[in-house]
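For reference, coords_15.txt (compact mmCIF, C-alpha atoms and all ligand atoms):
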# COMPACT_ATOMS: atom_id res chain seq x y z
CA MET A 471 -57.99 -30.56 24.47
CA ALA A 472 -57.41 -28.37 21.40
CA LEU A 473 -58.24 -30.01 18.11
CA LEU A 474 -54.99 -28.73 16.67
CA ASP A 475 -51.92 -27.56 18.57
CA VAL A 476 -49.13 -27.72 16.04
CA SER A 477 -45.64 -28.35 17.40
CA THR A 478 -44.07 -30.20 14.45
CA ILE A 479 -44.26 -29.29 10.77
CA TYR A 480 -42.92 -31.60 8.07
CA LEU A 481 -42.41 -29.71 4.85
CA GLU A 482 -41.22 -30.17 1.30
CA PRO A 483 -38.47 -27.67 0.41
CA ALA A 484 -40.63 -25.97 -2.27
CA VAL A 485 -43.17 -24.89 0.36
CA HIS A 486 -41.11 -21.75 1.02
CA GLU A 487 -41.67 -20.64 -2.59
CA PHE A 488 -45.42 -20.23 -2.08
CA ALA A 489 -47.09 -17.36 -0.21
CA ARG A 490 -49.54 -19.81 1.39
CA GLY A 491 -46.65 -21.89 2.66
CA ARG A 492 -44.91 -18.87 4.18
CA GLU A 493 -48.19 -17.72 5.77
CA ILE A 494 -48.72 -21.08 7.45
CA LEU A 495 -45.15 -21.29 8.70
CA ALA A 496 -45.51 -17.79 10.17
CA ARG A 497 -48.55 -18.94 12.14
CA TRP A 498 -46.51 -21.50 14.05
CA PRO A 499 -43.06 -19.92 14.33
CA ASP A 500 -42.04 -22.12 17.27
CA ALA A 501 -42.98 -25.43 15.67
CA GLU A 502 -40.09 -27.76 14.90
CA ARG A 503 -39.58 -27.88 11.12
CA ILE A 504 -38.48 -31.11 9.51
CA ALA A 505 -37.64 -31.11 5.80
CA VAL A 506 -38.92 -34.09 3.81
CA ASP A 507 -38.55 -34.99 0.14
CA SER A 508 -42.24 -35.75 -0.28
CA HIS A 509 -45.37 -35.43 1.82
CA TRP A 510 -46.09 -39.02 0.76
CA ALA A 511 -42.90 -40.47 2.16
CA ILE A 512 -42.57 -39.90 5.89
CA PRO A 513 -42.28 -43.53 6.98
CA HIS A 514 -41.79 -42.96 10.70
CA LEU A 515 -44.94 -40.80 10.71
CA HIS A 516 -47.27 -42.63 8.35
CA GLY A 517 -46.24 -46.27 8.27
CA ASN A 518 -45.32 -46.73 11.89
CA ALA A 519 -47.56 -49.23 13.64
CA GLY A 520 -46.05 -48.07 16.94
CA ASN A 521 -47.86 -44.77 16.42
CA VAL A 522 -51.29 -46.31 16.91
CA ALA A 523 -51.24 -45.73 20.66
CA ARG A 524 -50.39 -42.05 20.21
CA TRP A 525 -52.46 -41.70 17.06
CA ASN A 526 -54.59 -38.79 18.31
CA ASP A 527 -51.61 -36.98 19.77
CA VAL A 528 -49.79 -37.10 16.44
CA LYS A 529 -52.90 -35.83 14.65
CA ARG A 530 -53.19 -32.91 17.07
CA THR A 531 -49.58 -31.78 17.05
CA THR A 532 -48.33 -32.52 13.52
CA LEU A 533 -48.89 -30.71 10.26
CA VAL A 534 -47.45 -31.64 6.87
CA LEU A 535 -47.00 -29.05 4.12
CA GLY A 536 -46.59 -30.03 0.51
CA VAL A 537 -47.05 -28.96 -3.08
CA LYS A 538 -49.75 -30.79 -5.04
CA LYS A 539 -48.02 -31.78 -8.24
CA SER A 540 -50.66 -33.80 -10.04
CA ARG A 541 -53.98 -32.03 -10.13
CA PRO A 542 -56.53 -34.22 -11.88
CA VAL A 543 -60.25 -33.43 -11.73
CA ARG A 544 -61.92 -36.84 -11.45
CA PRO A 545 -65.49 -37.75 -12.40
CA ASN A 546 -67.70 -38.91 -9.50
CA GLY A 547 -71.44 -39.01 -10.08
CA ARG A 548 -72.67 -39.77 -6.58
CA SER A 549 -72.48 -36.87 -4.14
CA SER A 550 -70.78 -34.69 -6.75
CA ASP A 551 -70.20 -34.61 -10.49
CA PHE A 552 -66.45 -34.21 -10.04
CA ILE A 553 -63.80 -34.55 -7.37
CA ALA A 554 -61.64 -31.42 -7.31
CA PRO A 555 -57.90 -31.85 -6.83
CA SER A 556 -57.17 -31.94 -3.10
CA HIS A 557 -56.11 -28.82 -1.26
CA ALA A 558 -55.43 -31.09 1.74
CA ASN A 559 -55.52 -34.68 2.82
CA GLY A 560 -55.57 -36.43 6.18
CA CYS A 561 -57.54 -35.30 9.19
CA THR A 562 -57.04 -34.31 12.78
CA MET A 563 -60.21 -36.11 13.80
CA SER A 564 -60.31 -39.90 14.18
CA CYS A 565 -63.64 -41.39 13.14
CA ALA A 566 -63.23 -45.13 13.56
CA TYR A 567 -64.75 -45.99 10.16
CA CYS A 568 -62.87 -43.39 8.15
CA TYR A 569 -60.70 -44.42 5.23
CA VAL A 570 -59.24 -40.92 4.84
CA PRO A 571 -56.72 -40.87 7.70
CA ARG A 572 -55.61 -44.40 6.87
CA ARG A 573 -54.63 -43.71 3.28
CA LYS A 574 -51.07 -42.90 4.17
CA GLY A 575 -50.77 -45.48 6.90
CA PHE A 576 -51.28 -45.31 10.65
CA ALA A 577 -51.38 -41.79 12.05
CA ASN A 578 -52.28 -39.52 9.18
CA PRO A 579 -52.32 -35.90 10.30
CA ILE A 580 -53.37 -33.11 7.98
CA THR A 581 -51.29 -32.41 4.90
CA THR A 582 -52.03 -28.96 3.48
CA PHE A 583 -51.09 -28.13 -0.09
CA VAL A 584 -49.69 -24.64 -0.44
CA ASN A 585 -50.01 -24.15 -4.24
CA ILE A 586 -53.62 -23.04 -3.94
CA GLU A 587 -53.44 -20.64 -6.91
CA GLN A 588 -52.54 -23.57 -9.18
CA LEU A 589 -55.36 -25.64 -7.70
CA THR A 590 -57.99 -22.93 -8.14
CA ALA A 591 -56.76 -22.25 -11.69
CA THR A 592 -57.11 -25.96 -12.57
CA ILE A 593 -60.66 -26.04 -11.21
CA GLY A 594 -61.60 -22.76 -12.92
CA ARG A 595 -60.41 -24.09 -16.30
CA HIS A 596 -62.28 -27.37 -15.80
CA VAL A 597 -65.51 -25.55 -14.94
CA ALA A 598 -65.16 -23.28 -17.98
CA LYS A 599 -64.67 -26.31 -20.24
CA GLN A 600 -67.91 -27.96 -19.07
CA GLY A 601 -70.21 -25.09 -20.06
CA SER A 602 -73.71 -25.23 -18.61
CA LYS A 603 -75.04 -28.44 -17.12
CA PRO A 604 -77.25 -29.95 -19.81
CA ALA A 605 -79.75 -31.73 -17.53
CA PRO A 606 -80.50 -32.17 -13.83
CA ASN A 607 -79.03 -35.18 -12.06
CA GLN A 608 -78.86 -36.50 -8.48
CA CYS A 609 -75.91 -34.20 -7.70
CA ASP A 610 -77.74 -30.98 -8.54
CA PRO A 611 -80.53 -29.77 -10.81
CA GLU A 612 -78.51 -27.02 -12.46
CA ALA A 613 -74.89 -26.77 -11.36
CA TRP A 614 -71.85 -28.97 -11.84
CA VAL A 615 -70.90 -30.03 -8.32
CA TYR A 616 -67.24 -30.34 -7.31
CA ASP A 617 -66.34 -32.13 -4.08
CA ILE A 618 -63.54 -30.14 -2.46
CA GLY A 619 -63.24 -32.33 0.64
CA GLU A 620 -62.83 -35.91 -0.50
CA ASN A 621 -59.66 -36.50 1.45
CA SER A 622 -59.99 -34.18 4.42
CA ASP A 623 -62.49 -32.20 6.51
CA CYS A 624 -62.68 -28.68 5.07
CA SER A 625 -64.07 -27.15 8.28
CA VAL A 626 -60.88 -28.05 10.11
CA ASP A 627 -58.66 -27.30 7.12
CA ALA A 628 -60.08 -23.77 7.26
CA THR A 629 -58.48 -23.28 10.70
CA ILE A 630 -55.02 -23.77 9.19
CA CYS A 631 -55.09 -21.36 6.27
CA ASP A 632 -57.29 -19.71 3.65
CA ASN A 633 -57.33 -22.58 1.14
CA VAL A 634 -60.99 -23.31 1.85
CA ALA A 635 -61.86 -19.60 1.84
CA ASP A 636 -60.17 -19.27 -1.56
CA LEU A 637 -62.19 -22.18 -2.92
CA VAL A 638 -65.46 -20.79 -1.53
CA ALA A 639 -64.60 -17.43 -3.13
CA LEU A 640 -63.76 -19.13 -6.45
CA PHE A 641 -67.11 -20.95 -6.65
CA SER A 642 -69.03 -17.85 -5.58
CA ARG A 643 -67.91 -16.40 -8.94
CA LEU A 644 -68.79 -19.48 -11.03
CA PRO A 645 -72.46 -19.45 -12.11
CA THR A 646 -72.38 -22.99 -13.54
CA ALA A 647 -70.70 -24.81 -10.65
CA LYS A 648 -70.87 -25.43 -6.92
CA ALA A 649 -68.35 -26.60 -4.32
CA SER A 650 -69.43 -29.27 -1.88
CA PHE A 651 -67.93 -30.90 1.18
CA ALA A 652 -69.05 -33.18 3.98
CA THR A 653 -68.04 -32.23 7.51
CA LYS A 654 -68.20 -33.45 11.07
CA TRP A 655 -66.94 -30.29 12.63
CA VAL A 656 -68.61 -26.90 13.10
CA ASN A 657 -66.31 -24.00 12.28
CA PRO A 658 -68.12 -20.69 12.92
CA ALA A 659 -65.37 -18.83 11.02
CA LEU A 660 -66.86 -20.21 7.79
CA LEU A 661 -69.90 -18.01 8.47
CA ASP A 662 -67.78 -14.95 7.72
CA LEU A 663 -67.22 -16.06 4.11
CA ASP A 664 -69.57 -15.09 1.27
CA PRO A 665 -70.50 -18.30 -0.57
CA ARG A 666 -73.52 -16.80 -2.41
CA GLY A 667 -75.23 -20.18 -2.56
CA ARG A 668 -72.36 -21.78 -4.49
CA THR A 669 -70.94 -23.94 -1.69
CA ARG A 670 -72.86 -26.89 -0.30
CA VAL A 671 -71.97 -27.97 3.22
CA ARG A 672 -73.07 -31.53 3.98
CA PHE A 673 -73.23 -31.93 7.74
CA SER A 674 -72.69 -35.59 8.58
CA VAL A 675 -75.10 -36.94 11.15
CA MET A 676 -75.76 -40.22 12.88
CA PRO A 677 -77.58 -41.15 16.10
CA HIS A 678 -75.95 -39.57 19.14
CA GLU A 679 -74.91 -42.72 20.99
CA VAL A 680 -73.23 -44.30 17.97
CA SER A 681 -71.57 -41.01 17.09
CA LYS A 682 -70.13 -40.72 20.62
CA LEU A 683 -68.56 -44.12 20.12
CA LEU A 684 -67.32 -43.74 16.54
CA ASP A 685 -66.85 -40.03 15.77
CA VAL A 686 -63.69 -39.44 17.75
CA ARG A 687 -62.68 -35.76 18.25
CA THR A 688 -65.54 -34.37 16.09
CA SER A 689 -68.20 -31.80 17.01
CA PRO A 690 -71.17 -33.49 18.71
CA VAL A 691 -74.00 -34.26 16.30
CA ARG A 692 -76.31 -31.92 18.22
CA GLU A 693 -73.92 -29.03 17.50
CA ARG A 694 -73.86 -29.90 13.80
CA ILE A 695 -77.66 -29.88 13.64
CA ALA A 696 -77.81 -26.61 15.57
CA ALA A 697 -75.44 -25.03 13.05
CA ILE A 698 -77.62 -25.70 10.01
CA ASP A 699 -79.71 -22.53 10.23
CA SER A 700 -76.76 -20.19 10.62
CA PHE A 701 -74.97 -21.74 7.63
CA VAL A 702 -78.10 -21.34 5.49
CA GLU A 703 -78.42 -17.72 6.64
CA ALA A 704 -74.77 -17.14 5.72
CA GLY A 705 -75.48 -18.20 2.14
CA TYR A 706 -74.43 -21.85 2.12
CA GLU A 707 -76.58 -24.60 0.76
CA VAL A 708 -76.81 -27.14 3.58
CA HIS A 709 -77.54 -30.81 3.10
CA LEU A 710 -77.22 -33.79 5.40
CA ASN A 711 -74.78 -36.61 4.90
CA CYS A 712 -76.37 -39.56 6.69
CA SER A 713 -73.23 -41.57 6.72
CA PRO A 714 -72.24 -44.09 7.59
CA VAL A 715 -75.47 -45.75 8.60
CA VAL A 716 -74.26 -48.36 11.07
CA VAL A 717 -76.67 -51.17 11.81
CA THR A 718 -76.82 -51.67 15.56
CA GLU A 719 -79.44 -52.93 17.97
CA GLY A 720 -82.23 -50.32 17.77
CA TRP A 721 -80.76 -48.44 14.79
CA THR A 722 -84.16 -47.68 13.26
CA SER A 723 -85.60 -45.99 16.36
CA ALA A 724 -82.35 -44.09 16.90
CA TRP A 725 -82.47 -42.68 13.35
CA LYS A 726 -86.17 -41.86 13.74
CA GLU A 727 -85.41 -39.81 16.86
CA LEU A 728 -82.47 -38.13 15.22
CA LEU A 729 -84.32 -37.10 12.06
CA GLU A 730 -87.27 -35.87 14.11
CA GLU A 731 -84.80 -33.78 16.09
CA VAL A 732 -83.53 -32.30 12.80
CA ALA A 733 -87.11 -31.54 11.72
CA ASP A 734 -87.89 -29.87 15.07
CA THR A 735 -84.67 -27.85 15.12
CA ILE A 736 -84.19 -26.30 11.70
CA SER A 737 -85.99 -23.26 10.30
CA PRO A 738 -88.50 -23.42 7.42
CA ALA A 739 -85.87 -21.79 5.16
CA ALA A 740 -83.32 -24.47 5.98
CA ARG A 741 -85.86 -27.21 5.53
CA ALA A 742 -86.96 -25.87 2.15
CA GLN A 743 -83.48 -26.49 0.73
CA LEU A 744 -82.52 -29.58 2.75
CA LYS A 745 -81.56 -32.77 0.92
CA SER A 746 -79.56 -35.76 1.93
CA GLU A 747 -77.40 -38.62 0.87
CA VAL A 748 -77.50 -41.92 2.72
CA ILE A 749 -74.56 -44.30 2.75
CA PHE A 750 -74.55 -47.53 4.68
CA LEU A 751 -71.29 -48.57 6.26
CA THR A 752 -68.55 -50.19 4.23
CA HIS A 753 -65.75 -51.41 6.44
CA ASN A 754 -62.33 -52.79 5.70
CA GLU A 755 -60.37 -55.70 7.06
CA ASP A 756 -57.09 -53.78 7.44
CA LEU A 757 -58.86 -50.93 9.18
CA HIS A 758 -60.56 -53.45 11.46
CA GLU A 759 -57.13 -54.76 12.50
CA VAL A 760 -55.77 -51.25 13.06
CA ASN A 761 -58.81 -50.24 15.12
CA LEU A 762 -58.44 -53.25 17.38
CA GLY A 763 -55.15 -51.65 18.43
CA TRP A 764 -56.62 -48.37 19.63
CA HIS A 765 -60.44 -48.50 19.73
CA PRO A 766 -61.70 -52.11 20.08
CA ARG A 767 -65.16 -51.01 21.30
CA ALA A 768 -65.81 -49.38 17.95
CA GLU A 769 -65.23 -52.69 16.24
CA GLU A 770 -68.05 -54.27 18.21
CA VAL A 771 -70.49 -52.26 16.06
CA LEU A 772 -68.44 -51.89 12.87
CA TRP A 773 -67.32 -55.50 12.36
CA ARG A 774 -70.47 -57.62 12.12
CA PRO A 775 -69.62 -60.68 9.98
CA GLU A 776 -73.10 -62.11 10.55
CA LEU A 777 -74.59 -59.12 8.67
CA GLN A 778 -71.80 -58.35 6.22
CA GLU A 779 -70.36 -59.82 3.06
CA PRO A 780 -66.85 -59.38 1.63
CA LYS A 781 -66.16 -57.33 -1.46
CA ARG A 782 -62.73 -57.05 -3.03
CA SER A 783 -62.08 -53.39 -3.93
CA GLN A 784 -60.33 -52.23 -7.12
CA ASN A 785 -57.04 -51.81 -5.25
CA GLY A 786 -57.25 -55.37 -3.90
CA ALA A 787 -58.26 -54.47 -0.34
CA LEU A 788 -60.88 -56.61 1.35
CA ASN A 789 -63.95 -54.53 2.21
CA VAL A 790 -67.09 -55.70 3.93
CA ARG A 791 -70.58 -54.28 3.47
CA TYR A 792 -74.04 -55.29 4.61
CA ALA A 793 -75.10 -58.38 2.68
CA ARG A 794 -76.98 -57.73 -0.53
CA GLY A 795 -80.40 -59.16 0.42
CA LYS A 796 -80.38 -57.51 3.83
CA LYS A 797 -79.10 -54.17 2.62
CA GLY A 798 -81.91 -53.53 0.14
CA ARG A 799 -84.38 -53.86 3.01
CA MET A 800 -82.27 -51.65 5.27
CA VAL A 801 -82.17 -48.88 2.63
CA SER A 802 -85.91 -49.07 2.16
CA VAL A 803 -86.53 -48.91 5.94
CA PHE A 804 -84.25 -45.86 6.11
CA ARG A 805 -86.14 -44.13 3.31
CA ASP A 806 -89.43 -44.67 5.15
CA ILE A 807 -87.99 -43.19 8.36
CA TRP A 808 -86.64 -40.19 6.45
CA ASP A 809 -89.91 -39.56 4.59
CA ALA A 810 -91.92 -39.71 7.81
CA ALA A 811 -89.62 -37.28 9.64
CA LEU A 812 -88.81 -34.87 6.81
CA PRO A 813 -91.57 -35.16 4.19
CA GLY A 814 -90.81 -33.18 1.05
CA CYS A 815 -87.03 -33.27 1.61
CA GLU A 816 -85.32 -35.33 -1.04
CA ILE A 817 -82.82 -38.12 -0.54
CA ARG A 818 -80.42 -37.49 -3.43
CA TYR A 819 -79.21 -41.09 -3.27
CA ALA A 820 -79.05 -43.99 -0.85
CA PHE A 821 -77.03 -47.14 -1.00
S1 LIG B 1 -63.97 -36.08 10.11
FE1 LIG B 1 -64.17 -37.07 8.11
S2 LIG B 1 -62.09 -37.12 7.31
FE2 LIG B 1 -61.93 -36.76 9.50
S3 LIG B 1 -61.71 -38.76 10.45
FE3 LIG B 1 -63.88 -38.28 10.47
S4 LIG B 1 -64.75 -39.16 8.59
FE4 LIG B 1 -62.51 -39.04 8.38

Show me the file's structure as structure tokens.
Amino acid sequence: MALLDVSTIYLEPAVHEFARGREILARWPDAERIAVDSHWAIPHLHGNAGNVARWNDVKRTTLVLGVKKSRPVRPNGRSSDFIAPSHANGCTMSCAYCYVPRRKGFANPITTFVNIEQLTATIGRHVAKQGSKPAPNQCDPEAWVYDIGENSDCSVDATICDNVADLVALFSRLPTAKASFATKWVNPALLDLDPRGRTRVRFSVMPHEVSKLLDVRTSPVRERIAAIDSFVEAGYEVHLNCSPVVVTEGWTSAWKELLEEVADTISPAARAQLKSEVIFLTHNEDLHEVNLGWHPRAEEVLWRPELQEPKRSQNGALNVRYARGKKGRMVSVFRDIWDAALPGCEIRYAF
């Protein structure tokens, strides 16, 4: 089944005023168009619990177009120095642990923002204001790193329009900054762009069996690993995003096999630049309830109260994460597995 087969487009009226908006509408001339006041307020699409059963169908057939009005650049400090203002949010894939598609409610198909010139101008000004990076940090030794895919998967977004291409082109001209995004989908069309080393693709990986259960509608992990060399050859920096690490029966041997597979597959050039970030699963009580409605088998591995402890997030939601004493040991075991499989490749951070 196609990842995206758009038959309904919700759009804010101002979308017609932007060339990117008109381009996208021209791509799907037969799609039903439904005018909405705001991409945030489509209650029958986003907040409808009855959509859970047809969640994936909605994600495949629906696109939302909007204009990004507030464009803050936010500090980060973990995988990137800054979070760039979103060019999109939502996702057509359905990873069971993902907070991104749940932000707007139940089904959360892709929203694409059509004012890309304003977005790239905001980022360009922010980069100029920073000057050179004064000292290396875990994000990068020399460049300011901007995450351009916090709320979506850029590889899929790039099948809708040229927003991602425009961002890759922008950063290719910025000697003090880099774009960065994590992805679970292989889009060979990205190989035709010219990133000149200024865009970092972080392919997300996890052991195959767990991925088959949790990574719904994504590219298989084996395909993501196989793509690493060609992305490096095309001028991307390629890192791994080992995330989420889900503790299951046999998780250590599964990760060992997976990382050895990476080591055996990638070229010396890819390996020379490979780094990783490692993030153990954080789950959420509301998401747990939602998942029970469409993918209960996933919850058998994600919701493990005997291993997890609650943590109230800043917005009041109840999250669970592996309990403090246990997690420190888990991180250290993971580091040992990584170092044995890929000696010399750095873990930028693990938690
Ligand atoms: S691909 Fe990424 S954004 Fe999409 S559902 Fe999976 S984790 Fe979420």

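As for CA of Ser802 in chain A and CA of Glu755 in chain A, they are spaced 26.8 Å apart.
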
Do a neighbour search on range 624-634 of chain A at 9 Å with all atoms listed in the file, toss out local chain neighbours closer than 4 positions, and write the hits as a PyMOL selection string. chain A and resi 473-474+490+493-494+497+557-558+561-563+580+582-584+586+618-619+638-639+651-660

Enumerate, in order of chain and increasing residue number, the residues of chain A with an atom no farther than 12 Å from ligand LIG 1 (chain B), each with its shortest atom pair and distance in Å to one decimal, counting all atoms listed in the file, as CSV.
residue,atom,partner,partner_atom,distance
A:Leu473,CA,B:LIG1,FE2,11.5
A:Trp525,CA,B:LIG1,S3,11.7
A:Asn526,CA,B:LIG1,S3,10.6
A:Lys529,CA,B:LIG1,S3,10.2
A:Ala558,CA,B:LIG1,S2,10.6
A:Asn559,CA,B:LIG1,S2,8.3
A:Gly560,CA,B:LIG1,S2,6.7
A:Cys561,CA,B:LIG1,FE2,4.6
A:Thr562,CA,B:LIG1,FE2,6.4
A:Met563,CA,B:LIG1,S3,4.5
A:Ser564,CA,B:LIG1,S3,4.1
A:Cys565,CA,B:LIG1,FE3,4.1
A:Ala566,CA,B:LIG1,S3,7.2
A:Tyr567,CA,B:LIG1,S4,7.0
A:Cys568,CA,B:LIG1,FE4,4.4
A:Tyr569,CA,B:LIG1,FE4,6.5
A:Val570,CA,B:LIG1,FE4,5.2
A:Pro571,CA,B:LIG1,S3,6.1
A:Arg572,CA,B:LIG1,FE4,8.9
A:Arg573,CA,B:LIG1,FE4,10.5
A:Ala577,CA,B:LIG1,S3,10.9
A:Asn578,CA,B:LIG1,S3,9.5
A:Pro579,CA,B:LIG1,FE2,9.7
A:Ile580,CA,B:LIG1,FE2,9.4
A:Gly619,CA,B:LIG1,S2,8.3
A:Glu620,CA,B:LIG1,S2,7.9
A:Asn621,CA,B:LIG1,S2,6.4
A:Ser622,CA,B:LIG1,S2,4.6
A:Asp623,CA,B:LIG1,S2,5.0
A:Cys624,CA,B:LIG1,S2,8.8
A:Ser625,CA,B:LIG1,S1,9.1
A:Val626,CA,B:LIG1,S1,8.6
A:Asp627,CA,B:LIG1,FE2,10.3
A:Phe651,CA,B:LIG1,FE1,10.0
A:Ala652,CA,B:LIG1,FE1,7.5
A:Thr653,CA,B:LIG1,S1,6.2
A:Lys654,CA,B:LIG1,S1,5.1
A:Trp655,CA,B:LIG1,S1,7.0
A:Val656,CA,B:LIG1,S1,10.7
A:Arg672,CA,B:LIG1,FE1,11.3
A:Phe673,CA,B:LIG1,S1,10.4
A:Ser674,CA,B:LIG1,FE1,8.7
A:Val675,CA,B:LIG1,S4,10.9
A:Met676,CA,B:LIG1,S4,11.9
A:Ser681,CA,B:LIG1,FE3,10.5
A:Leu684,CA,B:LIG1,FE3,8.9
A:Asp685,CA,B:LIG1,FE3,6.3
A:Val686,CA,B:LIG1,FE3,7.4
A:Arg687,CA,B:LIG1,S1,8.2
A:Thr688,CA,B:LIG1,S1,6.4
A:Ser689,CA,B:LIG1,S1,9.2
A:Pro690,CA,B:LIG1,S1,11.5
A:Val691,CA,B:LIG1,S1,11.9
A:Asn711,CA,B:LIG1,S4,11.0
A:Cys712,CA,B:LIG1,S4,11.8
A:Ser713,CA,B:LIG1,S4,9.0
A:Pro714,CA,B:LIG1,S4,9.0
A:Leu751,CA,B:LIG1,S4,11.7

Expected file: the selected residues, C-alpha atoms, as a tab-separated table (two decimals), keeping the file's coordinate frame:
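Saved the output as result.tsv:
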chain	number	residue	atom	x	y	z
A	473	LEU	CA	-58.24	-30.01	18.11
A	525	TRP	CA	-52.46	-41.70	17.06
A	526	ASN	CA	-54.59	-38.79	18.31
A	529	LYS	CA	-52.90	-35.83	14.65
A	558	ALA	CA	-55.43	-31.09	1.74
A	559	ASN	CA	-55.52	-34.68	2.82
A	560	GLY	CA	-55.57	-36.43	6.18
A	561	CYS	CA	-57.54	-35.30	9.19
A	562	THR	CA	-57.04	-34.31	12.78
A	563	MET	CA	-60.21	-36.11	13.80
A	564	SER	CA	-60.31	-39.90	14.18
A	565	CYS	CA	-63.64	-41.39	13.14
A	566	ALA	CA	-63.23	-45.13	13.56
A	567	TYR	CA	-64.75	-45.99	10.16
A	568	CYS	CA	-62.87	-43.39	8.15
A	569	TYR	CA	-60.70	-44.42	5.23
A	570	VAL	CA	-59.24	-40.92	4.84
A	571	PRO	CA	-56.72	-40.87	7.70
A	572	ARG	CA	-55.61	-44.40	6.87
A	573	ARG	CA	-54.63	-43.71	3.28
A	577	ALA	CA	-51.38	-41.79	12.05
A	578	ASN	CA	-52.28	-39.52	9.18
A	579	PRO	CA	-52.32	-35.90	10.30
A	580	ILE	CA	-53.37	-33.11	7.98
A	619	GLY	CA	-63.24	-32.33	0.64
A	620	GLU	CA	-62.83	-35.91	-0.50
A	621	ASN	CA	-59.66	-36.50	1.45
A	622	SER	CA	-59.99	-34.18	4.42
A	623	ASP	CA	-62.49	-32.20	6.51
A	624	CYS	CA	-62.68	-28.68	5.07
A	625	SER	CA	-64.07	-27.15	8.28
A	626	VAL	CA	-60.88	-28.05	10.11
A	627	ASP	CA	-58.66	-27.30	7.12
A	651	PHE	CA	-67.93	-30.90	1.18
A	652	ALA	CA	-69.05	-33.18	3.98
A	653	THR	CA	-68.04	-32.23	7.51
A	654	LYS	CA	-68.20	-33.45	11.07
A	655	TRP	CA	-66.94	-30.29	12.63
A	656	VAL	CA	-68.61	-26.90	13.10
A	672	ARG	CA	-73.07	-31.53	3.98
A	673	PHE	CA	-73.23	-31.93	7.74
A	674	SER	CA	-72.69	-35.59	8.58
A	675	VAL	CA	-75.10	-36.94	11.15
A	676	MET	CA	-75.76	-40.22	12.88
A	681	SER	CA	-71.57	-41.01	17.09
A	684	LEU	CA	-67.32	-43.74	16.54
A	685	ASP	CA	-66.85	-40.03	15.77
A	686	VAL	CA	-63.69	-39.44	17.75
A	687	ARG	CA	-62.68	-35.76	18.25
A	688	THR	CA	-65.54	-34.37	16.09
A	689	SER	CA	-68.20	-31.80	17.01
A	690	PRO	CA	-71.17	-33.49	18.71
A	691	VAL	CA	-74.00	-34.26	16.30
A	711	ASN	CA	-74.78	-36.61	4.90
A	712	CYS	CA	-76.37	-39.56	6.69
A	713	SER	CA	-73.23	-41.57	6.72
A	714	PRO	CA	-72.24	-44.09	7.59
A	751	LEU	CA	-71.29	-48.57	6.26

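In terms of minimum interatomic distance to Glu731 in chain A, A:Leu812 ranks closest within A:Leu812, A:Leu772, A:Val715, A:Ile553, counting all atoms listed in the file.
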
Which of A:Asp636, A:Glu759, A:Glu719, A:Glu482 sits closest to Thr581 in chain A [using only C-alpha atoms]: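 Looking at the shortest contact to Thr581 in chain A, the residue is A:Glu482.
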
Quick one: residues within 10 Å of Asp664 in chain A, all atoms listed in the file counted, chain neighbours fewer than 6 positions away excluded, as a list in words? Ala635, Val638, Ala639, Ser642, Ala704, Gly705 and Tyr706 of chain A

Choose the residue, out of A:Arg692, A:His596, A:Arg670, A:His509, that has the smallest atom-to-atom separation from His709 in chain A; count all atoms listed in the file.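 Smallest separation from His709 in chain A among the options: A:Arg670.
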
Nearest residue to Glu587 in chain A out of A:Leu637, A:Leu683, A:Gly786, A:Ile695, using all atoms listed in the file? A:Leu637

Closest to Lys648 in chain A among A:Gln743, A:Asp551, A:Arg818, A:Asn607, using only C-alpha atoms?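 Of all the options, A:Asp551 lies closest to Lys648 in chain A.
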
Please indicate the distance in Å from CA of Ser540 in chain A to CA of Ala647 in chain A, rounded to one decimal place. 22.0 Å

What is the distance, in Å and to one decimal place, between CA of Gly517 in chain A and CA of Trp773 in chain A? 23.4 Å

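Of the listed residues (A:Arg791, A:His758, A:Arg805, A:Lys796), A:Arg805 comes nearest to Trp725 in chain A; the distances count only C-alpha atoms.
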